[in-house]
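Next comes final.txt, a file with compact mmCIF, C-alpha atoms.
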# COMPACT_ATOMS: atom_id res chain seq x y z
CA MET C 20 206.37 28.75 40.80
CA PRO C 21 204.46 31.70 42.34
CA ARG C 22 200.75 31.39 42.86
CA LYS C 23 198.58 33.45 40.53
CA ILE C 24 196.18 35.96 42.10
CA THR C 25 192.98 36.66 40.15
CA GLY C 26 190.29 39.13 41.12
CA GLY C 27 186.79 38.32 39.85
CA VAL C 28 184.56 41.36 40.23
CA PHE C 29 180.88 42.10 39.63
CA LEU C 30 180.79 45.78 38.73
CA SER C 31 178.13 48.33 37.84
CA LEU C 32 178.77 50.76 35.00
CA ASP C 33 179.49 53.50 37.57
CA GLY C 34 182.01 51.31 39.38
CA VAL C 35 179.97 49.96 42.32
CA MET C 36 180.69 46.42 43.55
CA GLN C 37 178.76 46.42 46.83
CA ALA C 38 176.37 43.59 47.74
CA PRO C 39 175.89 41.95 44.35
CA GLY C 40 174.48 38.76 45.86
CA GLY C 41 171.50 39.77 47.97
CA PRO C 42 169.68 42.54 49.88
CA THR C 43 171.08 41.55 53.30
CA GLU C 44 174.64 40.92 52.11
CA ASP C 45 175.96 44.43 52.85
CA TYR C 46 173.65 47.40 53.30
CA THR C 47 176.22 49.53 55.14
CA GLY C 48 176.15 53.18 54.13
CA GLY C 49 172.45 52.89 53.36
CA PHE C 50 172.99 50.82 50.22
CA GLU C 51 169.56 49.66 49.02
CA GLU C 52 170.27 47.74 45.81
CA GLY C 53 171.71 44.50 47.21
CA GLY C 54 171.26 41.56 44.86
CA TRP C 55 171.55 43.67 41.75
CA VAL C 56 173.61 41.05 39.89
CA PHE C 57 170.87 38.44 39.99
CA LYS C 58 168.30 40.86 38.65
CA LEU C 59 170.36 40.95 35.43
CA TRP C 60 171.91 37.48 35.47
CA ASP C 61 172.58 35.48 32.33
CA ASP C 62 174.21 32.16 31.49
CA GLU C 63 177.36 33.72 30.04
CA VAL C 64 178.18 35.32 33.38
CA GLY C 65 177.57 31.94 34.97
CA GLU C 66 180.10 30.40 32.57
CA THR C 67 182.70 32.98 33.57
CA ILE C 68 182.15 32.29 37.26
CA GLY C 69 182.35 28.56 36.57
CA SER C 70 185.73 28.94 34.85
CA LEU C 71 187.01 31.12 37.72
CA PHE C 72 186.32 28.33 40.19
CA ASP C 73 187.30 25.43 37.96
CA GLY C 74 189.78 23.05 39.60
CA GLU C 75 191.70 23.76 42.79
CA TYR C 76 191.93 27.27 44.24
CA ASP C 77 192.29 29.13 47.49
CA LEU C 78 190.38 32.29 48.41
CA LEU C 79 191.97 35.65 49.24
CA LEU C 80 189.43 37.80 51.10
CA GLY C 81 188.99 40.93 53.14
CA ARG C 82 187.51 40.52 56.60
CA ARG C 83 183.96 41.63 55.76
CA THR C 84 183.67 39.40 52.71
CA TYR C 85 185.03 36.53 54.80
CA ASP C 86 182.33 37.17 57.42
CA ILE C 87 179.64 37.19 54.70
CA PHE C 88 180.92 33.94 53.21
CA ALA C 89 181.46 32.22 56.59
CA ALA C 90 177.89 32.98 57.68
CA TYR C 91 176.42 31.61 54.45
CA TRP C 92 178.39 29.01 52.55
CA PRO C 93 178.97 26.38 55.28
CA TYR C 94 175.19 26.07 55.70
CA VAL C 95 174.14 25.81 52.05
CA GLU C 96 172.25 22.74 50.86
CA GLY C 97 170.59 21.75 47.59
CA ASP C 98 171.93 22.73 44.18
CA ASN C 99 174.72 24.90 45.62
CA LYS C 100 176.00 22.23 48.00
CA PRO C 101 179.00 21.38 45.73
CA MET C 102 180.15 25.01 45.84
CA SER C 103 179.71 25.02 49.62
CA GLU C 104 181.90 21.94 49.92
CA ALA C 105 184.52 23.36 47.55
CA PHE C 106 184.73 26.59 49.54
CA GLY C 107 185.06 24.53 52.70
CA ARG C 108 188.03 22.61 51.30
CA ALA C 109 189.73 25.71 49.93
CA GLY C 110 192.14 27.72 52.03
CA LYS C 111 190.62 31.02 53.10
CA HIS C 112 193.39 33.63 53.44
CA VAL C 113 191.97 36.70 55.16
CA LEU C 114 193.74 40.05 54.91
CA THR C 115 192.75 41.96 58.04
CA ARG C 116 194.28 44.24 60.64
CA GLY C 117 192.09 42.77 63.40
CA ASP C 118 192.69 39.65 65.43
CA ARG C 119 189.14 38.28 65.77
CA PRO C 120 188.93 34.49 65.34
CA LEU C 121 188.42 32.97 61.89
CA PRO C 122 186.03 30.12 62.72
CA TRP C 123 185.48 28.66 59.23
CA GLU C 124 187.61 25.59 58.53
CA ASN C 125 190.89 26.11 56.65
CA SER C 126 190.99 29.85 57.42
CA HIS C 127 194.27 31.72 57.80
CA HIS C 128 195.10 35.25 58.97
CA LEU C 129 197.18 37.67 56.88
CA SER C 130 198.14 40.83 58.72
CA GLY C 131 199.46 42.85 55.80
CA ILE C 132 200.53 43.04 52.18
CA GLU C 133 203.88 41.51 53.07
CA ASP C 134 202.06 38.36 54.16
CA VAL C 135 200.24 38.21 50.83
CA ALA C 136 203.55 38.55 48.98
CA LYS C 137 205.00 35.67 51.00
CA LEU C 138 201.89 33.54 50.44
CA LYS C 139 202.12 34.15 46.69
CA GLN C 140 205.59 32.57 46.68
CA THR C 141 204.51 29.36 48.43
CA ASP C 142 203.41 26.14 46.82
CA GLY C 143 199.67 25.73 46.53
CA PRO C 144 196.62 26.51 44.42
CA ASN C 145 196.12 29.84 42.74
CA LEU C 146 194.24 32.49 44.71
CA VAL C 147 190.86 33.96 43.77
CA ILE C 148 189.54 37.23 45.22
CA GLN C 149 185.80 37.70 45.63
CA GLY C 150 184.23 40.91 46.92
CA SER C 151 186.78 42.48 49.27
CA SER C 152 186.82 45.99 47.79
CA THR C 153 189.16 47.36 50.46
CA ILE C 154 192.08 45.07 49.65
CA TYR C 155 192.43 45.99 45.97
CA PRO C 156 194.29 49.32 46.26
CA ASP C 157 197.20 47.88 48.25
CA LEU C 158 197.37 44.68 46.21
CA LEU C 159 197.45 46.60 42.93
CA ALA C 160 200.02 49.06 44.25
CA ALA C 161 202.25 46.16 45.32
CA GLY C 162 201.94 44.47 41.92
CA LEU C 163 200.45 41.31 43.43
CA ILE C 164 197.38 40.89 41.21
CA ASP C 165 198.01 38.93 38.03
CA GLU C 166 194.58 39.20 36.43
CA LEU C 167 191.37 41.18 36.88
CA ILE C 168 188.16 39.75 35.49
CA LEU C 169 185.55 42.50 35.47
CA MET C 170 181.91 41.63 34.81
CA THR C 171 180.51 45.10 34.17
CA TYR C 172 176.72 45.21 34.20
CA PRO C 173 174.68 47.78 32.22
CA VAL C 174 173.31 49.42 35.36
CA LEU C 175 173.98 52.64 37.30
CA LEU C 176 173.70 52.23 41.07
CA GLY C 177 174.60 55.76 42.11
CA SER C 178 176.21 54.95 45.44
CA GLY C 179 178.05 52.13 47.13
CA LYS C 180 181.51 50.68 47.62
CA ARG C 181 183.67 50.96 44.53
CA LEU C 182 186.49 48.87 43.16
CA PHE C 183 188.50 51.80 41.81
CA GLY C 184 188.05 54.37 44.55
CA ASP C 185 190.48 56.49 46.54
CA GLY C 186 193.93 55.01 47.01
CA ILE C 187 194.20 53.18 43.69
CA ALA C 188 197.71 53.46 42.23
CA VAL C 189 198.19 55.00 38.79
CA GLU C 190 198.97 52.28 36.27
CA THR C 191 197.83 50.90 32.96
CA LEU C 192 196.01 47.61 32.37
CA GLU C 193 196.44 45.35 29.36
CA LEU C 194 193.26 43.89 27.90
CA ILE C 195 193.74 40.16 27.24
CA GLY C 196 190.15 39.04 26.72
CA HIS C 197 186.61 40.36 26.34
CA ARG C 198 183.08 39.35 25.49
CA VAL C 199 179.62 40.92 25.67
CA THR C 200 176.71 38.83 26.93
CA ALA C 201 173.25 38.78 25.41
CA LYS C 202 171.99 41.04 28.21
CA GLY C 203 174.78 43.56 27.73
CA THR C 204 177.22 42.62 30.51
CA VAL C 205 180.78 43.30 29.36
CA ILE C 206 183.25 40.68 30.62
CA THR C 207 186.83 41.90 30.35
CA THR C 208 190.07 40.33 31.53
CA TYR C 209 193.08 42.52 32.26
CA ARG C 210 196.60 42.06 33.50
CA PRO C 211 198.91 44.80 34.81
CA GLY C 212 200.34 46.91 32.00
CA GLY C 213 202.95 49.04 33.74
CA ALA C 214 203.28 52.73 34.48
CA LEU C 215 201.27 55.39 32.66
CA PRO C 216 203.53 57.04 30.04
CA PRO C 217 204.24 60.77 30.42
CA TYR C 218 202.14 63.26 28.47
CA PRO C 219 203.20 64.64 26.17
CA PRO C 220 206.46 62.74 25.56
CA GLU C 221 208.33 65.90 24.56
CA GLY C 222 207.47 67.84 27.75
CA PRO C 223 204.83 70.27 29.06
CA ILE C 224 202.64 72.08 26.55
CA PRO C 225 203.31 75.84 26.73
CA ALA C 226 200.43 78.15 27.53
CA THR C 227 198.80 79.40 24.33
CA SER C 228 197.37 82.72 25.59
CA ASP C 229 197.36 85.19 28.46
CA ARG C 230 193.87 83.95 29.28
CA GLU C 231 195.20 80.39 29.63
CA ILE C 232 198.03 81.60 31.86
CA GLU C 233 195.47 83.35 34.06
CA ARG C 234 193.24 80.25 34.17
CA GLN C 235 196.12 78.04 35.24
CA ALA C 236 197.15 80.54 37.93
CA LEU C 237 193.61 80.51 39.33
CA MET C 238 193.54 76.71 39.23
CA LYS C 239 196.87 76.49 41.08
CA ALA C 240 195.56 78.89 43.72
CA GLY C 241 192.37 76.86 44.16
CA ARG C 242 190.11 79.69 42.91
CA TRP C 243 189.10 78.28 39.51

For the file at hand, write its structure as structure tokens.
Amino acid sequence: MPRKITGGVFLSLDGVMQAPGGPTEDYTGGFEEGGWVFKLWDDEVGETIGSLFDGEYDLLLGRRTYDIFAAYWPYVEGDNKPMSEAFGRAGKHVLTRGDRPLPWENSHHLSGIEDVAKLKQTDGPNLVIQGSSTIYPDLLAAGLIDELILMTYPVLLGSGKRLFGDGIAVETLELIGHRVTAKGTVITTYRPGGALPPYPPEGPIPATSDREIERQALMKAGRW
């Protein structure tokens, strides 16, 4: 039976997913709002994260998120020690074009989407994506993601790395679950819904006036 791939994403209302965990996590591009998730944290988000990492799982990560995790989680003590140990036991499958070493225990290199597709067909725990904004376009285009859990916070960050940026394939998503937390975070679960239907079904809408014909001509010429 194929492994299931689930993406769990902290998202701002304007689509930013960069550095939710802390100010030094990822300030590339001049991003100044690192740690924004914990400024608005509530227990219901914690419950969602707990269910995402309940039982056995492996991690599917991009290289930068792997580097962030590998420099933090193996050294955690105190209340978060159980999560540190669980991440250590889990397989870390890293989708990267580079060949730099992966020093964290149980880490494995994936050189392309084909490798992810092969991994998905092997026996083993389901795969959870954290962070890793750059790997979503290709995974979605290849139909490899089974579920997206979006935790959309009521905040506008203005700039930063986005989940649905350039390169995302056109497709629909089917909503299979949702809840709103006391602090206004919207937690939605989607699975792929197939291609976007044509519009309108009966064919192109004819121009309704000479002015509309002129407007469309200007738009086609790049002068509108």

* Any idea what's packed within 9 Å of Val64 in chain C, counting all atoms listed in the file, ignoring anything in its chain fewer than 5 positions away? Could you give it as a ChimeraX atom specification? -> /C:69,170,200,204,206

With the cut-off set at 8 Å and counting all atoms listed in the file, tabulate each residue of range 160-214 of chain C with an atom at most that distance from an atom of range 30-48 of chain C, showing the nearest atom pair and its distance in Å to one decimal, ordered by chain and increasing number, as a Markdown table.
| residue | atom | partner | partner_atom | distance |
| --- | --- | --- | --- | --- |
| C:Leu169 | CA | C:Leu30 | CA | 6.6 |
| C:Met170 | CA | C:Leu30 | CA | 5.8 |
| C:Thr171 | CA | C:Leu30 | CA | 4.6 |
| C:Tyr172 | CA | C:Ser31 | CA | 5.0 |
| C:Pro173 | CA | C:Leu32 | CA | 5.8 |
| C:Val174 | CA | C:Ser31 | CA | 5.5 |
| C:Leu175 | CA | C:Asp33 | CA | 5.6 |
| C:Leu176 | CA | C:Ser31 | CA | 6.7 |
| C:Gly177 | CA | C:Asp33 | CA | 7.0 |
| C:Ser178 | CA | C:Val35 | CA | 7.0 |
| C:Gly179 | CA | C:Val35 | CA | 5.6 |
| C:Lys180 | CA | C:Gln37 | CA | 5.1 |
| C:Arg181 | CA | C:Val35 | CA | 4.4 |
| C:Leu182 | CA | C:Met36 | CA | 6.3 |
| C:Phe183 | CA | C:Gly34 | CA | 6.9 |

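The spacing separating CA of Thr208 in chain C from CA of Ala161 in chain C amounts to 19.3 Å.
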
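With CA of Thr207 in chain C on one side and CA of Leu194 in chain C on the other, the separation reads 7.2 Å.
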
* To do: For Ser103 in chain C, please output as a PyMOL selection string all residues within 6 Å (counting only C-alpha atoms; exclusion window: fewer than 2 positions along the same chain).
  => chain C and resi 92-93+100-101+105-106

Expected file: the selected residues, C-alpha atoms, as an mmCIF file, in the frame of the given file:
data_model
loop_
_atom_site.group_PDB
_atom_site.id
_atom_site.type_symbol
_atom_site.label_atom_id
_atom_site.label_comp_id
_atom_site.auth_asym_id
_atom_site.auth_seq_id
_atom_site.Cartn_x
_atom_site.Cartn_y
_atom_site.Cartn_z
ATOM 1 C CA TRP C 92 178.390 29.010 52.550
ATOM 2 C CA PRO C 93 178.970 26.380 55.280
ATOM 3 C CA LYS C 100 176.000 22.230 48.000
ATOM 4 C CA PRO C 101 179.000 21.380 45.730
ATOM 5 C CA ALA C 105 184.520 23.360 47.550
ATOM 6 C CA PHE C 106 184.730 26.590 49.540
#

* Structure fact -> Counting all atoms listed in the file, the residue among C:Arg210, C:Arg82, C:Arg108, C:His197 that lies closest to His128 in chain C is C:Arg82

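Nearest residue to Leu163 in chain C, choosing from C:Gln235, C:Ser151, C:Gln140, C:Thr67 and counting only C-alpha atoms: C:Gln140.
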
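Compared by their closest atoms to Phe72 in chain C, and using only C-alpha atoms, the residues C:Glu231, C:Val147, C:Thr84, C:Asn125 rank with C:Val147 nearest.
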
* Asked: Do you know which residues are at most 12 Å from Glu133 in chain C counting only C-alpha atoms, after dropping those on the same chain fewer than 2 positions away, and could you put them as number ranges by chain?
  -> C: 114, 129-131, 135-140, 157-158, 161-163

File output, range 155-172 of chain C (N, CA, C and O atoms) as a short mmCIF file (atom, residue, chain, number, x, y, z; two decimals), in the first residue's frame:
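Writing done, so here's result30.cif:
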data_model
loop_
_atom_site.label_atom_id
_atom_site.label_comp_id
_atom_site.auth_asym_id
_atom_site.auth_seq_id
_atom_site.Cartn_x
_atom_site.Cartn_y
_atom_site.Cartn_z
N TYR C 155 6.81 22.08 -2.78
CA TYR C 155 5.38 21.90 -3.02
C TYR C 155 4.97 21.99 -4.49
O TYR C 155 4.15 21.16 -4.94
N PRO C 156 5.45 22.95 -5.28
CA PRO C 156 4.98 23.01 -6.67
C PRO C 156 5.17 21.71 -7.43
O PRO C 156 4.24 21.23 -8.09
N ASP C 157 6.35 21.13 -7.36
CA ASP C 157 6.61 19.90 -8.12
C ASP C 157 5.83 18.72 -7.55
O ASP C 157 5.36 17.86 -8.32
N LEU C 158 5.71 18.63 -6.23
CA LEU C 158 4.96 17.54 -5.64
C LEU C 158 3.48 17.60 -6.02
O LEU C 158 2.85 16.59 -6.33
N LEU C 159 2.91 18.81 -5.99
CA LEU C 159 1.51 18.96 -6.36
C LEU C 159 1.30 18.67 -7.84
O LEU C 159 0.34 17.99 -8.22
N ALA C 160 2.22 19.16 -8.68
CA ALA C 160 2.10 18.92 -10.11
C ALA C 160 2.17 17.44 -10.45
O ALA C 160 1.52 16.96 -11.38
N ALA C 161 2.96 16.69 -9.68
CA ALA C 161 3.11 15.25 -9.91
C ALA C 161 2.02 14.43 -9.24
O ALA C 161 2.00 13.20 -9.37
N GLY C 162 1.12 15.07 -8.51
CA GLY C 162 0.03 14.36 -7.86
C GLY C 162 0.48 13.49 -6.70
O GLY C 162 -0.15 12.48 -6.40
N LEU C 163 1.54 13.90 -6.00
CA LEU C 163 2.11 13.06 -4.95
C LEU C 163 1.63 13.42 -3.55
O LEU C 163 1.87 12.67 -2.61
N ILE C 164 0.98 14.56 -3.39
CA ILE C 164 0.49 14.96 -2.07
C ILE C 164 -0.94 14.47 -1.90
O ILE C 164 -1.81 14.73 -2.73
N ASP C 165 -1.17 13.76 -0.81
CA ASP C 165 -2.51 13.21 -0.54
C ASP C 165 -3.38 14.17 0.26
O ASP C 165 -4.59 14.21 0.05
N GLU C 166 -2.77 14.89 1.18
CA GLU C 166 -3.54 15.84 2.00
C GLU C 166 -2.70 17.07 2.30
O GLU C 166 -1.49 16.98 2.49
N LEU C 167 -3.38 18.21 2.35
CA LEU C 167 -2.80 19.47 2.80
C LEU C 167 -3.57 19.93 4.03
O LEU C 167 -4.79 20.08 3.98
N ILE C 168 -2.86 20.13 5.12
CA ILE C 168 -3.47 20.70 6.32
C ILE C 168 -2.93 22.12 6.47
O ILE C 168 -1.74 22.32 6.74
N LEU C 169 -3.78 23.09 6.23
CA LEU C 169 -3.38 24.50 6.27
C LEU C 169 -3.89 25.13 7.55
O LEU C 169 -5.10 25.12 7.82
N MET C 170 -2.98 25.67 8.33
CA MET C 170 -3.33 26.41 9.55
C MET C 170 -3.12 27.88 9.25
O MET C 170 -2.02 28.42 9.35
N THR C 171 -4.20 28.54 8.81
CA THR C 171 -4.12 29.90 8.29
C THR C 171 -4.42 30.90 9.41
O THR C 171 -5.54 30.98 9.92
N TYR C 172 -3.40 31.66 9.75
CA TYR C 172 -3.48 32.61 10.87
C TYR C 172 -4.06 33.94 10.42
O TYR C 172 -3.80 34.39 9.29
#
